[in-house]
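Here the structure is laid out as C-alpha coordinates; the discussion comes afterwards.
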Amino acid sequence: MKLVILSRYDAVAASSRLRTAQYVPFLEAEGFQVSTRPFFDATYISALYGGGSRKAHLGRYIRTRLADLRAAGSADVIWLEKEALPWLPWLLERPAWPRDVPVVSDHDDAVFHRYDHHRRASVRGLLGGKIDGVMAASRIVMAGNPYIADRARTAGAGRVEVVPTVVDLSRYPASPLPPPDGGLRVGWVGTPMTWADHAAPMQRLIVDVVIPRGGLFRAIGARGTSEIEDGIEYLPWSEDTEVEAIRGMDVGIMPLDDSPWSRGKCGYKLIQYMACGRPVVASPTGVNTEIVEHGVNGFLARTAKDWRDALITLLDDPALRARMGAAGRAKVERSYSLQVWAPRVAALLRGAAG
(Lines give C-alpha, C1' and ligand atoms only; values in the text may rest on other atoms or scores of the structure.)
Protein backbone atom coordinates (compact mmCIF):
# COMPACT_ATOMS: atom_id res chain seq x y z
CA MET A 1 0.00 0.00 0.00
CA LYS A 2 1.43 3.36 -1.04
CA LEU A 3 1.19 6.04 1.64
CA VAL A 4 2.21 9.65 1.05
CA ILE A 5 2.74 11.71 4.20
CA LEU A 6 2.35 15.42 3.58
CA SER A 7 3.84 16.67 6.83
CA ARG A 8 3.96 20.24 8.03
CA TYR A 9 7.67 20.12 8.83
CA ASP A 10 10.54 17.69 8.58
CA ALA A 11 11.36 15.53 11.59
CA VAL A 12 13.32 18.32 13.30
CA ALA A 13 10.00 19.80 14.47
CA ALA A 14 8.23 18.04 17.32
CA SER A 15 4.74 17.98 15.80
CA SER A 16 5.79 16.23 12.59
CA ARG A 17 8.31 13.99 14.34
CA LEU A 18 5.70 12.77 16.81
CA ARG A 19 2.49 12.80 14.78
CA THR A 20 3.81 11.08 11.66
CA ALA A 21 7.57 10.37 11.48
CA GLN A 22 7.81 8.12 14.52
CA TYR A 23 5.17 5.82 12.99
CA VAL A 24 7.06 5.28 9.73
CA PRO A 25 9.26 2.33 10.80
CA PHE A 26 6.21 0.44 12.08
CA LEU A 27 4.17 1.25 8.97
CA GLU A 28 6.97 0.10 6.68
CA ALA A 29 7.24 -3.15 8.65
CA GLU A 30 3.51 -3.58 8.07
CA GLY A 31 3.96 -3.32 4.30
CA PHE A 32 3.28 0.36 3.67
CA GLN A 33 5.44 2.06 1.05
CA VAL A 34 5.94 5.42 2.73
CA SER A 35 7.01 8.68 1.12
CA THR A 36 7.25 11.74 3.38
CA ARG A 37 7.09 15.21 1.87
CA PRO A 38 7.35 18.12 4.35
CA PHE A 39 6.04 21.58 3.52
CA PHE A 40 8.61 23.51 5.59
CA ASP A 41 12.25 22.42 5.72
CA ALA A 42 14.83 22.56 8.52
CA THR A 43 15.85 26.10 7.51
CA TYR A 44 12.37 27.32 8.35
CA ILE A 45 12.44 25.57 11.73
CA SER A 46 15.77 27.20 12.59
CA ALA A 47 14.32 30.60 11.74
CA LEU A 48 11.14 29.84 13.68
CA TYR A 49 13.00 29.06 16.91
CA GLY A 50 15.80 31.54 16.31
CA GLY A 51 13.68 34.58 15.48
CA GLY A 52 14.79 34.87 11.85
CA SER A 53 12.72 35.65 8.75
CA ARG A 54 10.32 32.87 7.81
CA LYS A 55 8.64 34.41 4.77
CA ALA A 56 11.47 34.62 2.25
CA HIS A 57 10.98 31.15 0.80
CA LEU A 58 7.20 30.76 1.12
CA GLY A 59 6.71 30.80 -2.65
CA ARG A 60 9.24 27.99 -3.05
CA TYR A 61 7.54 25.95 -0.35
CA ILE A 62 4.18 26.35 -2.08
CA ARG A 63 5.58 25.34 -5.48
CA THR A 64 7.21 22.26 -3.98
CA ARG A 65 4.01 21.28 -2.19
CA LEU A 66 1.96 21.66 -5.38
CA ALA A 67 4.38 19.28 -7.11
CA ASP A 68 4.07 16.87 -4.18
CA LEU A 69 0.28 16.98 -4.44
CA ARG A 70 0.44 16.13 -8.13
CA ALA A 71 2.80 13.23 -7.44
CA ALA A 72 0.51 11.98 -4.66
CA GLY A 73 -2.14 11.18 -7.23
CA SER A 74 -0.74 7.64 -7.46
CA ALA A 75 -0.99 7.00 -3.71
CA ASP A 76 -3.50 4.72 -2.03
CA VAL A 77 -3.93 7.16 0.85
CA ILE A 78 -2.56 10.56 1.87
CA TRP A 79 -1.76 11.35 5.50
CA LEU A 80 -1.96 15.14 5.72
CA GLU A 81 -0.71 17.12 8.67
CA LYS A 82 -3.07 20.03 9.37
CA GLU A 83 -3.44 21.44 5.82
CA ALA A 84 -1.72 21.14 2.47
CA LEU A 85 -1.12 24.83 1.69
CA PRO A 86 -0.73 27.00 4.81
CA TRP A 87 -2.09 30.53 4.57
CA LEU A 88 -3.93 29.86 1.31
CA PRO A 89 -7.75 29.81 1.31
CA TRP A 90 -9.61 26.51 1.11
CA LEU A 91 -11.03 27.50 -2.28
CA LEU A 92 -7.45 27.45 -3.62
CA GLU A 93 -6.26 24.40 -1.70
CA ARG A 94 -9.16 22.06 -2.44
CA PRO A 95 -8.60 21.88 -6.24
CA ALA A 96 -4.94 20.98 -5.62
CA TRP A 97 -5.82 17.79 -3.74
CA PRO A 98 -5.51 14.69 -5.93
CA ARG A 99 -8.85 13.34 -7.09
CA ASP A 100 -9.93 9.92 -5.89
CA VAL A 101 -7.16 9.62 -3.28
CA PRO A 102 -8.55 9.46 0.27
CA VAL A 103 -7.04 11.92 2.73
CA VAL A 104 -6.53 11.32 6.44
CA SER A 105 -5.90 14.70 8.03
CA ASP A 106 -4.05 14.96 11.32
CA HIS A 107 -4.49 17.82 13.78
CA ASP A 108 -2.48 18.12 16.99
CA ASP A 109 -3.01 21.82 17.65
CA ALA A 110 -5.95 24.19 17.34
CA VAL A 111 -4.51 25.58 14.10
CA PHE A 112 -7.99 26.73 13.11
CA HIS A 113 -7.65 29.42 15.81
CA ARG A 114 -4.58 30.79 14.06
CA TYR A 115 -7.06 31.80 11.37
CA ASP A 116 -10.47 32.31 12.97
CA HIS A 117 -9.02 34.23 15.96
CA HIS A 118 -6.52 36.24 13.93
CA ARG A 119 -6.26 39.93 14.80
CA ARG A 120 -6.93 40.93 11.19
CA ALA A 121 -10.50 40.76 9.96
CA SER A 122 -9.29 40.03 6.43
CA VAL A 123 -7.51 36.86 7.60
CA ARG A 124 -10.53 35.78 9.61
CA GLY A 125 -12.73 36.32 6.57
CA LEU A 126 -10.50 34.51 4.08
CA LEU A 127 -9.17 31.71 6.25
CA GLY A 128 -11.46 31.42 9.26
CA GLY A 129 -13.13 28.32 7.84
CA LYS A 130 -10.05 26.89 6.13
CA ILE A 131 -9.34 24.03 8.54
CA ASP A 132 -13.05 23.23 8.72
CA GLY A 133 -12.91 22.63 4.98
CA VAL A 134 -9.91 20.32 5.34
CA MET A 135 -11.65 18.37 8.07
CA ALA A 136 -14.93 18.03 6.19
CA ALA A 137 -13.17 16.79 3.05
CA SER A 138 -11.06 14.19 4.89
CA ARG A 139 -11.96 10.51 4.85
CA ILE A 140 -10.83 10.38 8.48
CA VAL A 141 -9.78 13.15 10.87
CA MET A 142 -7.17 12.18 13.47
CA ALA A 143 -7.59 14.66 16.31
CA GLY A 144 -5.00 14.97 19.03
CA ASN A 145 -7.58 15.63 21.73
CA PRO A 146 -11.35 15.95 22.28
CA TYR A 147 -11.33 19.74 21.78
CA ILE A 148 -10.03 19.32 18.24
CA ALA A 149 -12.32 16.34 17.67
CA ASP A 150 -15.36 18.43 18.60
CA ARG A 151 -14.31 21.07 16.07
CA ALA A 152 -13.96 18.41 13.37
CA ARG A 153 -17.45 17.06 14.05
CA THR A 154 -18.89 20.58 13.96
CA ALA A 155 -17.09 21.11 10.64
CA GLY A 156 -18.90 18.09 9.19
CA ALA A 157 -16.12 15.50 9.19
CA GLY A 158 -17.50 12.07 8.37
CA ARG A 159 -15.27 10.13 10.75
CA VAL A 160 -13.28 11.52 13.65
CA GLU A 161 -10.82 9.55 15.77
CA VAL A 162 -8.98 10.91 18.82
CA VAL A 163 -5.33 9.89 18.43
CA PRO A 164 -3.15 11.30 21.23
CA THR A 165 0.44 12.37 20.75
CA VAL A 166 2.43 9.46 22.16
CA VAL A 167 5.92 8.40 23.22
CA ASP A 168 8.02 5.45 22.11
CA LEU A 169 8.51 3.63 25.40
CA SER A 170 11.77 2.10 24.18
CA ARG A 171 13.28 5.60 24.44
CA TYR A 172 11.92 6.35 27.93
CA PRO A 173 13.41 4.40 30.86
CA ALA A 174 11.34 4.85 34.00
CA SER A 175 14.41 4.91 36.27
CA PRO A 176 15.56 8.29 37.64
CA LEU A 177 18.85 9.92 36.66
CA PRO A 178 19.75 12.35 39.46
CA PRO A 179 21.75 15.47 38.53
CA PRO A 180 25.45 15.57 39.53
CA ASP A 181 24.79 17.86 42.50
CA GLY A 182 22.12 15.51 43.86
CA GLY A 183 19.68 18.38 44.31
CA LEU A 184 15.96 18.42 43.61
CA ARG A 185 14.71 19.52 40.20
CA VAL A 186 11.33 20.89 39.19
CA GLY A 187 11.44 20.63 35.40
CA TRP A 188 9.82 21.91 32.25
CA VAL A 189 10.48 21.15 28.56
CA GLY A 190 9.44 23.18 25.52
CA THR A 191 10.52 25.91 23.11
CA PRO A 192 11.61 29.51 23.71
CA MET A 193 8.13 30.63 22.61
CA THR A 194 6.20 28.38 24.98
CA TRP A 195 8.65 29.26 27.75
CA ALA A 196 7.88 32.95 27.33
CA ASP A 197 4.12 32.37 27.13
CA HIS A 198 3.57 29.85 29.91
CA ALA A 199 6.58 28.89 32.04
CA ALA A 200 8.47 32.17 32.50
CA PRO A 201 5.51 33.79 34.34
CA MET A 202 5.76 30.91 36.87
CA GLN A 203 9.51 31.01 37.38
CA ARG A 204 9.57 33.17 40.52
CA LEU A 205 7.02 30.98 42.30
CA ILE A 206 8.85 27.78 41.38
CA VAL A 207 12.30 29.09 42.28
CA ASP A 208 11.00 30.32 45.64
CA VAL A 209 9.77 26.79 46.40
CA VAL A 210 12.71 24.75 45.12
CA ILE A 211 15.73 26.86 46.16
CA PRO A 212 15.13 26.53 49.94
CA ARG A 213 15.02 22.76 49.37
CA GLY A 214 18.46 22.71 47.78
CA GLY A 215 17.24 22.42 44.21
CA LEU A 216 16.82 24.26 40.92
CA PHE A 217 14.17 24.88 38.29
CA ARG A 218 15.29 22.94 35.18
CA ALA A 219 14.15 24.57 31.92
CA ILE A 220 14.83 22.41 28.85
CA GLY A 221 14.64 24.26 25.54
CA ALA A 222 14.02 27.74 26.93
CA ARG A 223 17.49 28.81 25.75
CA GLY A 224 20.06 27.43 23.38
CA THR A 225 22.87 27.29 25.94
CA SER A 226 23.56 25.55 29.25
CA GLU A 227 23.74 27.93 32.20
CA ILE A 228 22.44 28.45 35.71
CA GLU A 229 20.96 31.85 36.44
CA ASP A 230 18.74 33.05 39.29
CA GLY A 231 17.85 29.55 40.41
CA ILE A 232 17.06 28.31 36.91
CA GLU A 233 19.10 25.58 35.24
CA TYR A 234 18.80 26.21 31.50
CA LEU A 235 19.52 23.22 29.28
CA PRO A 236 19.39 23.30 25.48
CA TRP A 237 16.95 20.91 23.88
CA SER A 238 18.12 18.10 21.65
CA GLU A 239 16.44 14.86 20.69
CA ASP A 240 19.47 12.92 21.91
CA THR A 241 19.54 14.40 25.43
CA GLU A 242 15.88 15.26 26.06
CA VAL A 243 14.92 12.02 27.82
CA GLU A 244 18.06 12.04 29.97
CA ALA A 245 17.25 15.60 31.07
CA ILE A 246 13.66 14.66 31.96
CA ARG A 247 14.85 11.65 33.95
CA GLY A 248 16.86 14.11 36.04
CA MET A 249 13.69 15.88 37.16
CA ASP A 250 11.84 15.14 40.38
CA VAL A 251 8.61 16.83 39.26
CA GLY A 252 7.50 17.82 35.75
CA ILE A 253 5.24 20.82 35.18
CA MET A 254 2.94 22.08 32.44
CA PRO A 255 1.45 25.51 33.18
CA LEU A 256 -1.04 26.85 30.63
CA ASP A 257 -3.53 29.66 30.37
CA ASP A 258 -7.16 28.77 29.65
CA SER A 259 -7.24 30.20 26.13
CA PRO A 260 -8.80 28.50 23.09
CA TRP A 261 -5.31 27.85 21.71
CA SER A 262 -4.19 26.17 24.95
CA ARG A 263 -7.32 24.01 25.00
CA GLY A 264 -6.08 22.55 21.72
CA LYS A 265 -2.78 21.37 23.24
CA CYS A 266 -2.21 17.62 23.45
CA GLY A 267 -0.40 17.46 26.79
CA TYR A 268 2.73 15.89 25.35
CA LYS A 269 5.01 17.34 28.05
CA LEU A 270 2.97 15.55 30.69
CA ILE A 271 3.17 12.28 28.79
CA GLN A 272 6.95 12.62 28.55
CA TYR A 273 7.33 13.29 32.27
CA MET A 274 5.04 10.40 33.16
CA ALA A 275 6.84 8.04 30.78
CA CYS A 276 9.99 8.70 32.82
CA GLY A 277 8.14 7.93 36.05
CA ARG A 278 7.96 11.56 37.16
CA PRO A 279 4.92 13.00 39.00
CA VAL A 280 3.38 16.08 37.38
CA VAL A 281 1.73 19.38 38.21
CA ALA A 282 -0.36 20.99 35.47
CA SER A 283 -2.96 23.63 34.79
CA PRO A 284 -6.48 22.17 34.47
CA THR A 285 -6.76 23.20 30.81
CA GLY A 286 -8.05 21.03 27.98
CA VAL A 287 -6.72 17.48 27.78
CA ASN A 288 -4.53 18.02 30.87
CA THR A 289 -7.59 17.13 32.93
CA GLU A 290 -7.70 13.70 31.26
CA ILE A 291 -3.99 12.96 31.43
CA VAL A 292 -3.55 14.05 35.04
CA GLU A 293 -5.54 12.12 37.62
CA HIS A 294 -5.51 14.55 40.53
CA GLY A 295 -3.91 12.94 43.55
CA VAL A 296 -3.02 9.76 41.63
CA ASN A 297 -0.26 10.61 39.13
CA GLY A 298 0.07 14.29 39.94
CA PHE A 299 -1.86 17.42 40.78
CA LEU A 300 -3.96 19.92 38.83
CA ALA A 301 -3.23 23.48 39.95
CA ARG A 302 -5.31 26.53 39.04
CA THR A 303 -4.13 29.27 41.41
CA ALA A 304 -0.69 30.32 42.61
CA LYS A 305 -1.54 28.76 45.98
CA ASP A 306 -2.50 25.49 44.26
CA TRP A 307 0.84 25.45 42.46
CA ARG A 308 2.84 26.24 45.58
CA ASP A 309 1.03 23.65 47.69
CA ALA A 310 1.36 20.92 45.04
CA LEU A 311 5.08 21.51 44.53
CA ILE A 312 5.82 21.61 48.25
CA THR A 313 3.82 18.43 48.84
CA LEU A 314 5.76 16.55 46.16
CA LEU A 315 9.21 17.92 46.89
CA ASP A 316 8.87 17.14 50.60
CA ASP A 317 7.66 13.55 50.12
CA PRO A 318 9.93 11.21 48.11
CA ALA A 319 7.61 8.24 48.67
CA LEU A 320 4.67 10.16 47.21
CA ARG A 321 6.78 11.17 44.21
CA ALA A 322 7.69 7.54 43.58
CA ARG A 323 4.09 6.36 43.96
CA MET A 324 2.66 9.01 41.65
CA GLY A 325 5.49 8.52 39.16
CA ALA A 326 4.77 4.81 38.94
CA ALA A 327 1.07 5.51 38.38
CA GLY A 328 1.93 7.93 35.60
CA ARG A 329 4.23 5.47 33.88
CA ALA A 330 1.53 2.79 34.01
CA LYS A 331 -0.98 5.17 32.43
CA VAL A 332 1.41 5.98 29.59
CA GLU A 333 1.99 2.28 28.98
CA ARG A 334 -1.78 1.74 28.75
CA SER A 335 -2.90 4.79 26.83
CA TYR A 336 -0.13 7.02 25.45
CA SER A 337 2.55 4.81 23.91
CA LEU A 338 3.63 4.19 20.34
CA GLN A 339 3.52 0.49 21.12
CA VAL A 340 -0.25 0.75 21.70
CA TRP A 341 -1.09 3.30 19.02
CA ALA A 342 1.03 2.25 16.02
CA PRO A 343 -1.20 -0.75 15.19
CA ARG A 344 -4.29 1.43 15.62
CA VAL A 345 -2.95 4.14 13.31
CA ALA A 346 -1.97 1.54 10.72
CA ALA A 347 -5.51 0.15 10.85
CA LEU A 348 -7.00 3.63 10.40
CA LEU A 349 -4.84 4.31 7.35
CA ARG A 350 -5.70 0.95 5.79
CA GLY A 351 -9.35 1.55 6.49
CA ALA A 352 -9.24 4.97 4.86
CA ALA A 353 -7.70 3.47 1.74
CA GLY A 354 -10.56 0.98 1.54
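As shown in the C-alpha coordinates, the chain order sets the letters A, B, ...; within each chain, residues go from 1, and ligands are also counted from 1 in the order they appear.
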- Task: Excluding segment 91-107 of chain A and residues on its chain fewer than 4 positions from it, collect all residues at most 9 Å away from it, counting only C-alpha atoms, and give them as a ChimeraX atom specification.
- Result: /A:19-20,66,69-86,111,130,133-135,137-145,148-149,163,348-349,352-354
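All residues of protein, DNA or RNA that reach within 8 Å of segment 253-257 of chain A, judged by only C-alpha atoms and not counting those fewer than 5 positions away in the chain, are Val186, Gly187, Trp188, His198, Ala199, Met202, Ser262, Lys269, Leu270, Val280, Val281, Ala282, Ser283 and Thr285 of chain A.
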Output N, CA and C atoms for every residue in that selection, as a PDB file, in the first residue's frame.
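Output file selection09.pdb is given in full below:
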ATOM      1  N   VAL A 186      12.640  20.721  39.826  1.00  0.00           N
ATOM      2  CA  VAL A 186      11.333  20.893  39.188  1.00  0.00           C
ATOM      3  C   VAL A 186      11.628  21.218  37.739  1.00  0.00           C
ATOM      4  N   GLY A 187      11.022  20.490  36.794  1.00  0.00           N
ATOM      5  CA  GLY A 187      11.436  20.628  35.404  1.00  0.00           C
ATOM      6  C   GLY A 187      10.318  20.945  34.445  1.00  0.00           C
ATOM      7  N   TRP A 188      10.719  21.540  33.346  1.00  0.00           N
ATOM      8  CA  TRP A 188       9.816  21.914  32.247  1.00  0.00           C
ATOM      9  C   TRP A 188      10.566  21.689  30.948  1.00  0.00           C
ATOM     10  N   HIS A 198       4.190  30.625  28.836  1.00  0.00           N
ATOM     11  CA  HIS A 198       3.569  29.848  29.908  1.00  0.00           C
ATOM     12  C   HIS A 198       4.457  29.586  31.121  1.00  0.00           C
ATOM     13  N   ALA A 199       5.730  29.292  30.911  1.00  0.00           N
ATOM     14  CA  ALA A 199       6.578  28.892  32.040  1.00  0.00           C
ATOM     15  C   ALA A 199       7.274  30.074  32.706  1.00  0.00           C
ATOM     16  N   MET A 202       5.794  31.728  35.648  1.00  0.00           N
ATOM     17  CA  MET A 202       5.757  30.915  36.866  1.00  0.00           C
ATOM     18  C   MET A 202       7.120  30.806  37.544  1.00  0.00           C
ATOM     19  N   SER A 262      -4.711  27.127  23.970  1.00  0.00           N
ATOM     20  CA  SER A 262      -4.193  26.173  24.949  1.00  0.00           C
ATOM     21  C   SER A 262      -5.106  24.962  25.092  1.00  0.00           C
ATOM     22  N   LYS A 269       4.030  17.200  26.964  1.00  0.00           N
ATOM     23  CA  LYS A 269       5.007  17.338  28.047  1.00  0.00           C
ATOM     24  C   LYS A 269       4.665  16.403  29.202  1.00  0.00           C
ATOM     25  N   LEU A 270       3.392  16.390  29.573  1.00  0.00           N
ATOM     26  CA  LEU A 270       2.969  15.547  30.692  1.00  0.00           C
ATOM     27  C   LEU A 270       3.238  14.079  30.398  1.00  0.00           C
ATOM     28  N   VAL A 280       3.589  14.851  38.152  1.00  0.00           N
ATOM     29  CA  VAL A 280       3.384  16.077  37.381  1.00  0.00           C
ATOM     30  C   VAL A 280       2.484  17.052  38.134  1.00  0.00           C
ATOM     31  N   VAL A 281       2.651  18.325  37.787  1.00  0.00           N
ATOM     32  CA  VAL A 281       1.732  19.378  38.206  1.00  0.00           C
ATOM     33  C   VAL A 281       1.377  20.159  36.952  1.00  0.00           C
ATOM     34  N   ALA A 282       0.079  20.370  36.723  1.00  0.00           N
ATOM     35  CA  ALA A 282      -0.357  20.985  35.469  1.00  0.00           C
ATOM     36  C   ALA A 282      -1.576  21.861  35.688  1.00  0.00           C
ATOM     37  N   SER A 283      -1.734  22.824  34.807  1.00  0.00           N
ATOM     38  CA  SER A 283      -2.956  23.626  34.789  1.00  0.00           C
ATOM     39  C   SER A 283      -4.120  22.768  34.309  1.00  0.00           C
ATOM     40  N   THR A 285      -6.333  22.672  32.107  1.00  0.00           N
ATOM     41  CA  THR A 285      -6.760  23.196  30.812  1.00  0.00           C
ATOM     42  C   THR A 285      -6.821  22.076  29.795  1.00  0.00           C
TER      43      THR A 285
END
- Task: For Ala21 of chain A, please output as a PyMOL selection string all residues within 8 Å (counting only C-alpha atoms; exclusion window: fewer than 4 positions along the same chain).
- Result: chain A and resi 11+16-17
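When atom CA of Arg302 of chain A is paired with atom CA of His118 of chain A, their separation reads 27.0 Å.
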- Using only C-alpha atoms: which of A:Val287, A:Val251, A:Ala301, A:Leu216 has the shortest distance to Arg321 of chain A: A:Val251
Can you pull out the residues contacting Gly298 of chain A? Cut-off 7 Å, using only C-alpha atoms, and skip same-chain residues under 4 positions away; I want them as a PDB file with N, CA and C atoms, in the first residue's frame.
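Final output, saved to out27.pdb:
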ATOM      1  N   PRO A 279       6.222  12.407  38.707  1.00  0.00           N
ATOM      2  CA  PRO A 279       4.916  13.001  39.002  1.00  0.00           C
ATOM      3  C   PRO A 279       4.806  14.370  38.349  1.00  0.00           C
ATOM      4  N   VAL A 280       3.589  14.851  38.152  1.00  0.00           N
ATOM      5  CA  VAL A 280       3.384  16.077  37.381  1.00  0.00           C
ATOM      6  C   VAL A 280       2.484  17.052  38.134  1.00  0.00           C
ATOM      7  N   VAL A 281       2.651  18.325  37.787  1.00  0.00           N
ATOM      8  CA  VAL A 281       1.732  19.378  38.206  1.00  0.00           C
ATOM      9  C   VAL A 281       1.377  20.159  36.952  1.00  0.00           C
ATOM     10  N   VAL A 292      -3.879  13.990  33.621  1.00  0.00           N
ATOM     11  CA  VAL A 292      -3.546  14.054  35.045  1.00  0.00           C
ATOM     12  C   VAL A 292      -4.742  13.604  35.870  1.00  0.00           C
ATOM     13  N   GLU A 293      -4.546  12.555  36.642  1.00  0.00           N
ATOM     14  CA  GLU A 293      -5.541  12.119  37.623  1.00  0.00           C
ATOM     15  C   GLU A 293      -5.134  12.728  38.959  1.00  0.00           C
ATOM     16  N   HIS A 294      -5.878  13.743  39.363  1.00  0.00           N
ATOM     17  CA  HIS A 294      -5.507  14.553  40.526  1.00  0.00           C
ATOM     18  C   HIS A 294      -5.353  13.672  41.764  1.00  0.00           C
ATOM     19  N   MET A 324       3.330   8.320  42.746  1.00  0.00           N
ATOM     20  CA  MET A 324       2.659   9.013  41.646  1.00  0.00           C
ATOM     21  C   MET A 324       3.394   8.790  40.329  1.00  0.00           C
TER      22      MET A 324
END
- Item | For Trp261 of chain A: contacts at 10 Å, only C-alpha atoms, fewer than 5 positions along chain excluded, given as a list in words |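 Answer for this query is Asp109, Ala110, Val111, Phe112, His113, Arg114, His117, Leu256 and Gly286 of chain A.
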- Note on the structure: One residue among A:Ser238, A:Thr191, A:Gln203, A:Thr165 is nearest to Val332 of chain A when using only C-alpha atoms, and that residue is A:Thr165
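Considering the residues A:Pro212, A:Gly252, A:Pro192, A:Gly295 and counting only C-alpha atoms, Asp316 of chain A has its shortest atom-to-atom contact with A:Pro212.
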- Message: When you look at segment 276-278 of chain A with a cut-off of 10 Å (counting only C-alpha atoms), what residues show up, excluding the ones that are within fewer than 6 positions of it in the same chain? I need them as a count of residues only.
- Response: 33
- Task: May I have all residues of segment 120-332 of chain A that DSSP, computed from the backbone, assigns to helix (DSSP H, G or I), given as a count of residues only?
- Result: 99
- Query: So which one's closest to Tyr147 of chain A, A:Arg65, A:Arg263, A:Arg213, A:Arg60? Using only C-alpha atoms, please.
  - Reply: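 Once distances to Tyr147 of chain A are computed over only C-alpha atoms, the minimum belongs to A:Arg263.
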- Message: Could you check the closest approach to Phe32 of chain A for each of A:Gly351, A:Ala346, A:Ile45, A:Leu88 and tell me which residue wins, using only C-alpha atoms?
- Response: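 Using only C-alpha atoms, the shortest distance to Phe32 of chain A belongs to A:Ala346.
With only C-alpha atoms as the atoms that count, the minimum distance from Gly128 of chain A to the choices A:Pro179, A:Pro89, A:Gly215, A:Pro318 is reached by A:Pro89.
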- Message: As an exercise, work out the distance from atom CA of Asp306 of chain A to atom CA of Asp208 of chain A in Å and give it to one decimal place.
- Response: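 Value for the atom CA of Asp306 of chain A-atom CA of Asp208 of chain A distance: 14.4 Å.
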- What is the distance, in Å and to one decimal place, between atom CA of Leu235 of chain A and atom CA of Lys265 of chain A? 23.2 Å
